[in-house]
file final22.cif (mmCIF, C-alpha atoms and all ligand atoms)
data_query
loop_
_atom_site.label_atom_id
_atom_site.label_comp_id
_atom_site.auth_asym_id
_atom_site.auth_seq_id
_atom_site.Cartn_x
_atom_site.Cartn_y
_atom_site.Cartn_z
CA MET W 1008 -37.74 -20.72 -18.47
CA THR W 1009 -35.11 -22.89 -16.77
CA THR W 1010 -34.19 -21.66 -13.30
CA LEU W 1011 -31.57 -22.70 -10.80
CA GLY W 1012 -32.41 -23.36 -7.14
CA THR W 1013 -30.38 -21.07 -4.91
CA ALA W 1014 -29.37 -20.72 -1.27
CA ILE W 1015 -27.49 -18.00 0.63
CA ILE W 1016 -25.23 -18.70 3.59
CA GLY W 1017 -24.71 -15.68 5.88
CA LEU W 1018 -27.47 -13.10 6.33
CA GLY W 1019 -25.51 -10.06 7.51
CA ALA W 1020 -24.79 -6.67 5.93
CA ILE W 1021 -24.13 -7.72 2.32
CA SER W 1022 -26.81 -10.40 2.11
CA GLY W 1023 -29.57 -7.89 1.28
CA VAL W 1024 -27.91 -7.10 -2.05
CA HIS W 1025 -27.73 -10.81 -2.95
CA LEU W 1026 -31.29 -11.46 -1.76
CA LYS W 1027 -32.62 -8.59 -3.87
CA ALA W 1028 -30.61 -9.62 -6.93
CA ILE W 1029 -31.87 -13.20 -6.67
CA ALA W 1030 -35.47 -12.07 -6.13
CA ASP W 1031 -35.26 -9.79 -9.20
CA LEU W 1032 -33.63 -12.39 -11.40
CA GLU W 1033 -35.90 -14.67 -13.40
CA LEU W 1034 -33.08 -17.24 -13.71
CA THR W 1035 -33.06 -18.18 -10.02
CA ASP W 1036 -35.41 -19.50 -7.40
CA LEU W 1037 -34.40 -18.85 -3.78
CA LYS W 1038 -34.98 -22.13 -1.95
CA ALA W 1039 -33.24 -21.55 1.37
CA VAL W 1040 -31.27 -19.14 3.56
CA VAL W 1041 -28.78 -20.08 6.26
CA ASP W 1042 -27.47 -18.26 9.31
CA ILE W 1043 -26.31 -19.42 12.72
CA ASP W 1044 -28.56 -16.67 14.09
CA GLU W 1045 -31.87 -18.55 13.95
CA ASN W 1046 -34.07 -15.49 14.42
CA ARG W 1047 -32.39 -13.75 11.53
CA ALA W 1048 -32.65 -16.85 9.32
CA ARG W 1049 -36.34 -17.31 10.14
CA GLN W 1050 -37.12 -13.64 9.54
CA VAL W 1051 -35.41 -13.58 6.13
CA ALA W 1052 -37.02 -16.90 5.14
CA GLU W 1053 -40.46 -15.50 5.99
CA GLU W 1054 -39.75 -12.33 4.02
CA TYR W 1055 -38.59 -14.21 0.91
CA GLY W 1056 -40.90 -17.24 1.18
CA CYS W 1057 -38.18 -19.89 1.42
CA ASP W 1058 -36.85 -22.42 3.95
CA TYR W 1059 -34.20 -21.65 6.52
CA TYR W 1060 -31.37 -23.54 8.20
CA THR W 1061 -28.87 -22.81 10.94
CA ASP W 1062 -26.50 -25.56 9.73
CA TYR W 1063 -25.42 -25.13 6.11
CA LYS W 1064 -24.46 -28.79 5.86
CA GLU W 1065 -28.14 -29.72 6.29
CA MET W 1066 -29.04 -27.35 3.44
CA LEU W 1067 -26.37 -28.95 1.22
CA LYS W 1068 -28.28 -32.27 1.33
CA ARG W 1069 -31.05 -30.80 -0.83
CA ASP W 1070 -31.21 -31.83 -4.48
CA ASP W 1071 -33.27 -28.81 -5.54
CA ILE W 1072 -30.44 -26.37 -4.71
CA GLN W 1073 -27.81 -26.02 -7.43
CA VAL W 1074 -26.14 -22.71 -6.49
CA VAL W 1075 -24.94 -21.38 -3.12
CA HIS W 1076 -23.92 -17.78 -2.40
CA LEU W 1077 -21.40 -17.23 0.40
CA CYS W 1078 -21.99 -14.00 2.33
CA THR W 1079 -20.06 -14.97 5.44
CA ALA W 1080 -16.84 -13.78 7.09
CA HIS W 1081 -13.58 -14.15 5.13
CA TYR W 1082 -12.24 -17.11 7.12
CA LEU W 1083 -15.40 -19.10 6.39
CA HIS W 1084 -15.30 -18.72 2.59
CA SER W 1085 -12.78 -21.48 1.92
CA PRO W 1086 -14.17 -24.27 4.14
CA MET W 1087 -17.73 -23.48 3.08
CA ALA W 1088 -16.85 -23.27 -0.63
CA ILE W 1089 -15.06 -26.62 -0.41
CA ASP W 1090 -18.11 -28.26 1.20
CA VAL W 1091 -20.44 -26.71 -1.40
CA LEU W 1092 -18.27 -27.81 -4.33
CA ARG W 1093 -17.96 -31.33 -2.93
CA ALA W 1094 -21.74 -31.44 -2.56
CA GLY W 1095 -21.88 -30.92 -6.35
CA LYS W 1096 -23.20 -27.35 -6.23
CA HIS W 1097 -21.95 -24.14 -7.84
CA VAL W 1098 -20.61 -21.54 -5.43
CA LEU W 1099 -20.48 -17.77 -5.71
CA THR W 1100 -18.38 -16.36 -2.91
CA GLU W 1101 -18.14 -12.78 -1.74
CA LYS W 1102 -14.72 -11.19 -1.95
CA PRO W 1103 -12.06 -11.80 -0.79
CA MET W 1104 -11.97 -15.45 -1.73
CA ALA W 1105 -10.25 -16.30 1.57
CA GLU W 1106 -8.36 -14.88 4.53
CA ASN W 1107 -4.93 -16.12 3.42
CA ILE W 1108 -3.13 -17.79 0.51
CA ALA W 1109 -3.26 -21.33 1.93
CA SER W 1110 -7.06 -21.18 2.38
CA ALA W 1111 -7.52 -19.74 -1.11
CA GLN W 1112 -5.41 -22.51 -2.61
CA LYS W 1113 -7.45 -25.22 -0.87
CA MET W 1114 -10.56 -23.67 -2.36
CA LEU W 1115 -9.00 -23.54 -5.83
CA GLN W 1116 -7.93 -27.17 -5.48
CA ALA W 1117 -11.50 -28.18 -4.61
CA ALA W 1118 -12.72 -26.37 -7.74
CA VAL W 1119 -10.22 -28.29 -9.88
CA GLU W 1120 -11.35 -31.56 -8.29
CA ASN W 1121 -15.03 -30.78 -8.98
CA PRO W 1122 -15.05 -29.66 -12.62
CA ASN W 1123 -18.79 -30.18 -13.06
CA VAL W 1124 -19.55 -27.18 -10.85
CA GLN W 1125 -18.22 -23.62 -10.95
CA LEU W 1126 -16.55 -21.40 -8.39
CA GLY W 1127 -17.29 -17.69 -8.97
CA VAL W 1128 -15.86 -14.76 -7.02
CA ILE W 1129 -17.67 -11.45 -6.50
CA PHE W 1130 -15.76 -8.46 -7.85
CA GLN W 1131 -18.81 -6.42 -8.79
CA ASN W 1132 -16.85 -3.22 -9.41
CA ARG W 1133 -15.52 -4.72 -12.64
CA TYR W 1134 -19.11 -4.36 -13.90
CA ASN W 1135 -19.34 -0.65 -13.04
CA ALA W 1136 -19.73 1.41 -16.21
CA PRO W 1137 -16.48 3.41 -15.61
CA SER W 1138 -14.53 0.16 -15.07
CA GLN W 1139 -15.89 -1.36 -18.27
CA ARG W 1140 -15.14 1.84 -20.16
CA MET W 1141 -11.55 1.98 -18.82
CA LYS W 1142 -11.00 -1.64 -19.81
CA GLN W 1143 -12.23 -0.89 -23.34
CA TYR W 1144 -9.73 2.00 -23.64
CA VAL W 1145 -6.88 -0.23 -22.44
CA GLU W 1146 -7.81 -2.99 -24.89
CA SER W 1147 -8.54 -0.80 -27.92
CA GLY W 1148 -5.30 1.18 -27.59
CA GLU W 1149 -7.11 4.22 -28.98
CA LEU W 1150 -5.36 6.52 -26.47
CA GLY W 1151 -1.99 4.93 -27.12
CA LYS W 1152 0.06 2.99 -24.62
CA LEU W 1153 -0.91 2.84 -20.93
CA ILE W 1154 1.82 4.64 -18.98
CA CYS W 1155 0.73 4.72 -15.34
CA MET W 1156 -2.26 4.39 -13.04
CA LYS W 1157 -3.29 5.40 -9.57
CA GLY W 1158 -5.97 4.07 -7.24
CA ILE W 1159 -7.03 5.99 -4.13
CA VAL W 1160 -9.49 4.79 -1.48
CA THR W 1161 -10.06 7.14 1.46
CA TRP W 1162 -12.85 5.84 3.65
CA ASN W 1163 -13.97 5.96 7.25
CA ARG W 1164 -14.36 2.96 9.52
CA THR W 1165 -14.52 3.71 13.24
CA ALA W 1166 -13.86 1.38 16.18
CA ALA W 1167 -17.60 0.61 16.28
CA TYR W 1168 -17.39 -0.96 12.81
CA TYR W 1169 -14.90 -3.49 14.14
CA GLU W 1170 -17.08 -4.57 17.08
CA THR W 1171 -17.98 -7.89 15.48
CA GLU W 1172 -16.78 -11.41 16.07
CA TRP W 1173 -14.56 -11.48 12.96
CA LYS W 1174 -13.53 -7.97 11.81
CA GLY W 1175 -10.23 -6.36 12.76
CA LYS W 1176 -8.46 -9.69 13.35
CA TRP W 1177 -5.81 -11.35 11.18
CA ALA W 1178 -7.16 -14.88 11.75
CA THR W 1179 -10.72 -14.13 10.67
CA GLU W 1180 -10.67 -11.02 8.44
CA GLY W 1181 -7.17 -11.70 7.05
CA GLY W 1182 -6.26 -8.00 7.18
CA GLY W 1183 -8.02 -4.64 7.24
CA VAL W 1184 -8.59 -1.91 4.68
CA LEU W 1185 -6.53 -3.75 2.08
CA ILE W 1186 -8.26 -7.13 2.02
CA ASN W 1187 -11.70 -5.82 2.85
CA GLN W 1188 -12.52 -2.33 1.57
CA SER W 1189 -9.88 -1.61 -1.09
CA ILE W 1190 -9.39 -5.07 -2.63
CA HIS W 1191 -11.82 -3.95 -5.34
CA THR W 1192 -9.45 -1.14 -6.38
CA VAL W 1193 -6.38 -3.38 -6.23
CA ASP W 1194 -8.26 -5.86 -8.39
CA LEU W 1195 -9.17 -3.15 -10.92
CA LEU W 1196 -5.55 -1.97 -11.16
CA GLN W 1197 -4.28 -5.49 -11.88
CA TRP W 1198 -7.17 -6.24 -14.25
CA LEU W 1199 -6.50 -3.05 -16.21
CA GLY W 1200 -2.70 -3.14 -16.03
CA GLY W 1201 -2.18 -6.73 -17.16
CA GLU W 1202 0.57 -9.06 -16.04
CA ILE W 1203 2.51 -7.81 -13.01
CA SER W 1204 6.28 -7.89 -12.71
CA SER W 1205 6.65 -6.65 -9.11
CA VAL W 1206 4.80 -5.37 -6.06
CA LYS W 1207 6.21 -3.30 -3.21
CA GLY W 1208 3.98 -2.05 -0.44
CA SER W 1209 3.49 -1.19 3.17
CA ILE W 1210 0.71 -1.22 5.76
CA SER W 1211 0.15 0.64 9.01
CA THR W 1212 -2.47 1.15 11.68
CA ASP W 1213 -2.75 4.90 11.91
CA SER W 1214 -6.00 5.82 13.62
CA LEU W 1215 -7.07 2.58 15.29
CA GLU W 1216 -3.74 1.46 16.76
CA GLY W 1217 -4.43 -0.61 19.85
CA VAL W 1218 -8.07 -1.07 18.80
CA ILE W 1219 -7.67 -3.43 15.83
CA GLU W 1220 -4.93 -5.97 15.06
CA VAL W 1221 -5.04 -5.29 11.33
CA GLU W 1222 -4.04 -2.28 9.21
CA ASP W 1223 -6.25 0.72 8.57
CA SER W 1224 -3.92 2.18 5.91
CA ALA W 1225 -1.85 0.77 3.05
CA HIS W 1226 0.13 1.89 0.03
CA ALA W 1227 1.81 0.11 -2.85
CA TYR W 1228 3.85 0.50 -6.03
CA ILE W 1229 3.15 -2.01 -8.79
CA GLU W 1230 5.17 -2.60 -11.96
CA PHE W 1231 3.62 -4.32 -14.98
CA LYS W 1232 5.35 -6.40 -17.64
CA ASN W 1233 4.17 -3.97 -20.35
CA GLY W 1234 6.14 -1.17 -18.67
CA ALA W 1235 3.18 0.55 -17.01
CA THR W 1236 3.29 1.31 -13.27
CA ALA W 1237 0.65 1.92 -10.61
CA ILE W 1238 0.54 3.59 -7.25
CA PHE W 1239 -2.12 2.72 -4.74
CA TYR W 1240 -3.20 4.24 -1.45
CA ALA W 1241 -6.03 3.17 0.84
CA THR W 1242 -7.12 4.16 4.32
CA ASN W 1243 -10.06 3.66 6.64
CA ALA W 1244 -8.76 6.58 8.74
CA TYR W 1245 -10.20 9.40 6.64
CA GLY W 1246 -12.98 11.56 8.05
CA ARG W 1247 -15.56 10.41 5.51
CA ASN W 1248 -16.19 7.91 2.73
CA SER W 1249 -14.91 9.73 -0.33
CA PRO W 1250 -15.61 8.44 -3.84
CA VAL W 1251 -12.91 6.01 -5.00
CA GLU W 1252 -10.51 7.60 -7.48
CA VAL W 1253 -8.74 5.78 -10.31
CA GLU W 1254 -6.59 7.51 -12.91
CA LEU W 1255 -5.16 5.97 -16.07
CA VAL W 1256 -2.56 7.94 -17.99
CA PHE W 1257 -2.14 6.98 -21.66
CA GLU W 1258 0.12 8.51 -24.29
CA GLN W 1259 -2.76 10.51 -25.76
CA GLY W 1260 -5.10 11.20 -22.86
CA THR W 1261 -5.94 10.56 -19.23
CA LEU W 1262 -9.00 8.79 -17.84
CA LEU W 1263 -10.15 10.05 -14.45
CA GLN W 1264 -12.64 8.00 -12.49
CA ARG W 1265 -14.20 9.51 -9.37
CA GLY W 1266 -16.87 7.26 -7.89
CA ASP W 1267 -19.41 6.56 -10.60
CA SER W 1268 -18.14 9.33 -12.90
CA LEU W 1269 -15.55 8.96 -15.63
CA TYR W 1270 -13.84 11.80 -17.48
CA LEU W 1271 -11.37 11.94 -20.36
CA ASP W 1272 -8.73 14.66 -20.21
CA GLN W 1273 -7.06 15.37 -23.56
CA ASP W 1274 -4.80 18.41 -23.67
CA GLY W 1275 -6.74 20.00 -20.80
CA LYS W 1276 -10.12 19.47 -22.47
CA LEU W 1277 -12.34 17.47 -20.11
CA THR W 1278 -15.10 15.22 -21.55
CA THR W 1279 -17.60 13.42 -19.32
CA LEU W 1280 -17.79 9.76 -20.34
CA GLU W 1281 -19.93 8.35 -17.51
CA GLU W 1282 -22.17 9.91 -14.89
CA PRO W 1283 -23.69 8.39 -11.71
CA VAL W 1284 -26.76 6.27 -12.17
CA VAL W 1285 -29.69 7.42 -10.03
CA ASN W 1286 -32.61 5.08 -9.38
CA THR W 1287 -36.26 6.03 -9.26
CA LEU W 1288 -36.09 6.66 -5.53
CA GLY W 1289 -33.49 9.32 -6.18
CA GLU W 1290 -30.80 7.26 -4.48
CA LYS W 1291 -27.49 6.21 -5.94
CA SER W 1292 -27.85 2.52 -6.52
CA TYR W 1293 -24.66 1.76 -8.35
CA TRP W 1294 -23.19 -0.55 -5.74
CA GLY W 1295 -26.21 -2.81 -5.65
CA MET W 1296 -26.76 -2.70 -9.37
CA SER W 1297 -23.30 -3.98 -10.11
CA HIS W 1298 -23.81 -6.92 -7.78
CA GLU W 1299 -26.97 -7.60 -9.72
CA LEU W 1300 -25.08 -7.38 -13.01
CA GLN W 1301 -22.44 -9.84 -11.85
CA ILE W 1302 -24.97 -12.23 -10.33
CA ARG W 1303 -27.04 -12.21 -13.54
CA ASP W 1304 -23.91 -12.80 -15.62
CA TYR W 1305 -22.91 -15.71 -13.37
CA TYR W 1306 -26.31 -17.41 -13.72
CA GLU W 1307 -26.39 -16.85 -17.47
CA HIS W 1308 -23.02 -18.62 -17.74
CA LEU W 1309 -24.19 -21.49 -15.52
CA LEU W 1310 -27.39 -21.98 -17.51
CA ALA W 1311 -25.50 -21.84 -20.81
CA GLY W 1312 -22.94 -24.35 -19.48
CA LYS W 1313 -20.14 -21.85 -20.11
CA PRO W 1314 -17.18 -21.12 -17.80
CA PHE W 1315 -17.73 -17.96 -15.76
CA TRP W 1316 -14.94 -15.41 -16.33
CA ILE W 1317 -14.35 -14.35 -12.68
CA ASP W 1318 -13.62 -17.90 -11.61
CA GLY W 1319 -11.23 -19.06 -8.88
CA PRO W 1320 -7.95 -18.29 -10.69
CA GLU W 1321 -9.29 -14.93 -11.92
CA GLY W 1322 -10.53 -14.02 -8.42
CA PHE W 1323 -7.15 -15.08 -7.09
CA ASN W 1324 -5.29 -12.48 -9.21
CA GLY W 1325 -6.50 -9.44 -7.24
CA PHE W 1326 -6.36 -11.36 -3.96
CA ARG W 1327 -2.78 -12.37 -4.68
CA VAL W 1328 -1.69 -8.73 -5.06
CA VAL W 1329 -3.26 -7.92 -1.68
CA MET W 1330 -1.35 -10.81 -0.12
CA ASP W 1331 1.86 -9.62 -1.78
CA ILE W 1332 1.44 -6.13 -0.32
CA TYR W 1333 1.17 -7.72 3.14
CA GLU W 1334 4.23 -9.87 2.46
CA SER W 1335 6.22 -6.93 1.11
CA SER W 1336 5.27 -4.85 4.16
CA ARG W 1337 6.33 -7.68 6.49
CA THR W 1338 9.70 -8.28 4.83
CA GLY W 1339 10.42 -4.79 3.51
CA GLN W 1340 11.19 -6.44 0.17
CA LYS W 1341 9.81 -5.95 -3.32
CA ILE W 1342 7.90 -9.07 -4.44
CA VAL W 1343 9.19 -9.98 -7.90
CA TYR W 1344 6.87 -12.06 -10.07
CA ASN W 1345 8.75 -14.80 -11.87
CA GLY W 1346 5.98 -16.54 -13.74
CA ALA W 1347 5.03 -18.90 -10.92
CA GLU W 1348 2.22 -16.65 -9.72
CA VAL W 1349 -0.48 -18.96 -10.93
CA ALA W 1350 -3.22 -19.89 -8.57
CA LEU W 1351 -2.13 -23.51 -8.08
N1 LIG Q 1 -18.67 -6.92 -2.57
C1 LIG Q 1 -18.77 -5.94 -1.70
O1 LIG Q 1 -18.70 -4.76 -2.05
C2 LIG Q 1 -18.98 -6.28 -0.26
C3 LIG Q 1 -19.50 -5.32 0.63
C4 LIG Q 1 -19.68 -5.71 1.97
C5 LIG Q 1 -19.30 -6.98 2.40
N2 LIG Q 1 -18.76 -7.84 1.51
C6 LIG Q 1 -18.28 -9.17 1.92
O2 LIG Q 1 -19.39 -9.97 2.33
C7 LIG Q 1 -18.97 -10.90 3.32
C8 LIG Q 1 -19.86 -10.76 4.54
O3 LIG Q 1 -19.71 -9.46 5.07
P1 LIG Q 1 -20.84 -8.82 5.99
O4 LIG Q 1 -20.40 -7.44 6.28
O5 LIG Q 1 -22.18 -9.08 5.41
O6 LIG Q 1 -20.66 -9.72 7.32
P2 LIG Q 1 -21.62 -9.82 8.56
O7 LIG Q 1 -20.79 -10.12 9.74
O8 LIG Q 1 -22.56 -8.65 8.61
O9 LIG Q 1 -22.52 -11.11 8.21
C9 LIG Q 1 -22.05 -12.41 8.28
C10 LIG Q 1 -23.23 -13.33 8.63
O10 LIG Q 1 -22.77 -14.67 8.60
C11 LIG Q 1 -23.40 -15.37 9.67
N3 LIG Q 1 -22.64 -16.58 9.98
C12 LIG Q 1 -21.51 -16.68 10.74
N4 LIG Q 1 -21.13 -17.98 10.81
C13 LIG Q 1 -22.01 -18.67 10.05
C14 LIG Q 1 -22.16 -20.06 9.75
N5 LIG Q 1 -21.29 -20.97 10.21
N6 LIG Q 1 -23.19 -20.43 8.97
C15 LIG Q 1 -24.09 -19.52 8.51
N7 LIG Q 1 -24.01 -18.20 8.77
C16 LIG Q 1 -22.98 -17.80 9.54
C17 LIG Q 1 -23.43 -14.35 10.79
O11 LIG Q 1 -24.37 -14.70 11.80
C18 LIG Q 1 -23.80 -13.07 10.03
O12 LIG Q 1 -25.21 -12.91 9.95
C19 LIG Q 1 -17.50 -10.59 3.58
O13 LIG Q 1 -16.72 -11.43 2.78
C20 LIG Q 1 -17.33 -9.15 3.11
O14 LIG Q 1 -16.02 -8.83 2.71
C21 LIG Q 1 -18.62 -7.52 0.21
#
call {"tool": "encode", "arguments": {"input": "final22.cif", "output": "structure tokens", "more": "lines below"}}
Ligand SMILES: NC(=O)c1ccc[n+]([C@@H]2O[C@H](COP(=O)([O-])OP(=O)(O)OC[C@H]3O[C@@H](n4cnc5c(N)ncnc54)[C@H](O)[C@@H]3O)[C@@H](O)[C@H]2O)c1
result
Amino acid sequence: MTTLGTAIIGLGAISGVHLKAIADLELTDLKAVVDIDENRARQVAEEYGCDYYTDYKEMLKRDDIQVVHLCTAHYLHSPMAIDVLRAGKHVLTEKPMAENIASAQKMLQAAVENPNVQLGVIFQNRYNAPSQRMKQYVESGELGKLICMKGIVTWNRTAAYYETEWKGKWATEGGGVLINQSIHTVDLLQWLGGEISSVKGSISTDSLEGVIEVEDSAHAYIEFKNGATAIFYATNAYGRNSPVEVELVFEQGTLLQRGDSLYLDQDGKLTTLEEPVVNTLGEKSYWGMSHELQIRDYYEHLLAGKPFWIDGPEGFNGFRVVMDIYESSRTGQKIVYNGAEVAL
């Protein structure tokens, strides 16, 4: 079987999910890991039987590495992706694609200039069974027209969470709960709702004022060109990490997603469409499994020479809405989409 040589840059919290997915996938061969923390890099390299680097540019000189995963801080995604693309390697970056619009656009430009390699963006929640099921209902029209949606993310991130070099700061994280935790839900709303006509939103720092620069709470109202609307609320100031809730109201029924469960409500009769997946250890493994699904899909596209569907412009769509909520909050104005909202 043909495999692709792989490397991961950034060996922090999310890297374990990528390392496991790569190790489990017969389509890849992990050649190297990179982190500026040499002890961490060495330890992971020993565990996975690969080489390690502390300077990713040294790793990029290798001909046996064709794909690079970016698991670093938001502000590093764009410069690293540009270097990887220019080195003639495919790049799969963690969300969000960048910390601001200008950085994202530079990354998109580099992808256009290097058409022989592909830029992919992680939005693993699109692969969750409830997300896929909701998309099918939207596309089939079997419940009639989509009328409105809501997305609710109520999580808990304390001051301790922000005690890192890059989190909680506009320059390096690019925002707070909106760009980091709830971008997945914003992305789902725009993916399900279709083309947007306007975004109005607001952010605030409710529980960690004076501790972090960025917001810990955000809300938005989104209008779609097909007439549907969406409301969105996210906070890191809740007392616990509740399951994410998404609701889609159609003419002939309502889909209710709560975490990994999906229900259909028709005239008060509730049908369970999806239930949480439990692994053999008895733990919920949905989060990691969806990363694995997206990573597998990405490699299958690369090996087949086909364009991957969550590419730069597609990854930009959800990111763009996040940026528009920030802009709307800053100006107090509704952001009206006029057709120029393309990535480049
Ligand atoms: N898809 C998801 O659901 C999900 C979940 C968690 C995190 N993430 C994303 O993953 C990314 C990383 O988040 P995290 O929580 O793992 O961060 P983290 O801070 O835990 O890890 C970042 C790692 O990058 C290393 N690093 C910093 N500069 C580097 C450089 N120049 N070269 C190589 N390594 C360098 C750091 O030493 C650290 O080990 C972020 O974009 C985050 O939003 C995504």
call {"tool": "closest_atom_pairs", "arguments": {"input": "final22.cif", "of": "chain W", "to": "ligand LIG 1 (chain Q)", "cutoff": "6 Å", "atoms": "only C-alpha atoms and all ligand atoms", "output": "CSV"}}
result
residue,atom,partner,partner_atom,distance
W:Ile1016,CA,Q:LIG1,C15,5.1
W:Gly1017,CA,Q:LIG1,O10,3.5
W:Leu1018,CA,Q:LIG1,O12,4.3
W:Gly1019,CA,Q:LIG1,O9,3.2
W:Ala1020,CA,Q:LIG1,O5,3.6
W:Ile1021,CA,Q:LIG1,O5,3.9
W:Ser1022,CA,Q:LIG1,O5,5.8
W:Val1041,CA,Q:LIG1,C15,5.2
W:Asp1042,CA,Q:LIG1,N7,3.5
W:Ile1043,CA,Q:LIG1,N7,4.7
W:Asp1044,CA,Q:LIG1,O11,5.2
W:Tyr1063,CA,Q:LIG1,N6,5.9
W:Cys1078,CA,Q:LIG1,C7,4.4
W:Thr1079,CA,Q:LIG1,O10,4.2
W:Ala1080,CA,Q:LIG1,C19,4.8
W:His1081,CA,Q:LIG1,O13,4.8
W:Glu1101,CA,Q:LIG1,O13,4.9
W:Lys1102,CA,Q:LIG1,O13,5.1
W:Pro1103,CA,Q:LIG1,O13,5.9
W:Asn1187,CA,Q:LIG1,O14,5.3
call {"tool": "residues_around", "arguments": {"input": "final22.cif", "residues": "Val1329 of chain W", "least_positions_apart": "6", "cutoff": "9 Å", "atoms": "only C-alpha atoms", "output": "PyMOL selection string"}}
result
chain W and resi 1185-1186+1190+1193-1194
call {"tool": "residues_around", "arguments": {"input": "final22.cif", "residues": "Ile1029 of chain W", "least_positions_apart": "4", "cutoff": "9 Å", "atoms": "only C-alpha atoms", "output": "number ranges by chain"}}
result
W: 1013, 1024-1025, 1033-1037, 1299, 1302-1303
call {"tool": "atom_distance", "arguments": {"input": "final22.cif", "atom1": "atom CA of Arg1265 of chain W", "atom2": "atom CA of Gln1197 of chain W"}}
result
18.2 Å
call {"tool": "residues_around", "arguments": {"input": "final22.cif", "residues": "Tyr1144 of chain W", "least_positions_apart": "4", "cutoff": "12 Å", "atoms": "all atoms listed in the file", "output": "list of chain:residue names"}}
result
W:Pro1137, W:Ser1138, W:Gln1139, W:Arg1140, W:Gly1148, W:Glu1149, W:Leu1150, W:Gly1151, W:Lys1152, W:Leu1153, W:Leu1199, W:Gly1200, W:Leu1255, W:Val1256, W:Phe1257, W:Glu1258, W:Gln1259, W:Gly1260, W:Thr1261, W:Leu1262, W:Leu1271, W:Leu1280
call {"tool": "residues_around", "arguments": {"input": "final22.cif", "residues": "Asn1107 of chain W", "least_positions_apart": "2", "cutoff": "9 Å", "atoms": "all atoms listed in the file", "output": "PyMOL selection string"}}
result
chain W and resi 1082+1104-1105+1109-1112+1178+1181+1326+1330
call {"tool": "atom_distance", "arguments": {"input": "final22.cif", "atom1": "atom CA of Ile1317 of chain W", "atom2": "atom CA of Leu1011 of chain W"}}
result
19.2 Å
call {"tool": "atom_distance", "arguments": {"input": "final22.cif", "atom1": "atom CA of Gly1275 of chain W", "atom2": "atom CA of Glu1254 of chain W"}}
result
14.8 Å
call {"tool": "residues_around", "arguments": {"input": "final22.cif", "residues": "segment 1118-1126 of chain W", "least_positions_apart": "5", "cutoff": "12 Å", "atoms": "all atoms listed in the file", "output": "PyMOL selection string"}}
result
chain W and resi 1073-1077+1084-1085+1087-1101+1104+1111-1113+1305-1306+1308-1310+1312-1323+1350-1351
call {"tool": "closest_residue", "arguments": {"input": "final22.cif", "among": "W:Gln1273, W:Asn1163, W:Asn1132, W:Thr1236", "to": "Ile1203 of chain W", "atoms": "only C-alpha atoms"}}
result
W:Thr1236
call {"tool": "closest_residue", "arguments": {"input": "final22.cif", "among": "W:Val1343, W:Ala1052, W:Ala1028, W:Ala1235", "to": "Ser1297 of chain W", "atoms": "only C-alpha atoms"}}
result
W:Ala1028
call {"tool": "closest_residue", "arguments": {"input": "final22.cif", "among": "W:Lys1276, W:Arg1337, W:His1191, W:Lys1174", "to": "Asp1223 of chain W", "atoms": "all atoms listed in the file"}}
result
W:Lys1174
call {"tool": "closest_residue", "arguments": {"input": "final22.cif", "among": "W:Met1066, W:Cys1155, W:Ile1108, W:Ala1039", "to": "Val1328 of chain W", "atoms": "only C-alpha atoms"}}
result
W:Ile1108
call {"tool": "closest_residue", "arguments": {"input": "final22.cif", "among": "W:Val1160, W:Ile1072, W:Leu1067, W:Ala1167", "to": "Thr1192 of chain W", "atoms": "all atoms listed in the file"}}
result
W:Val1160
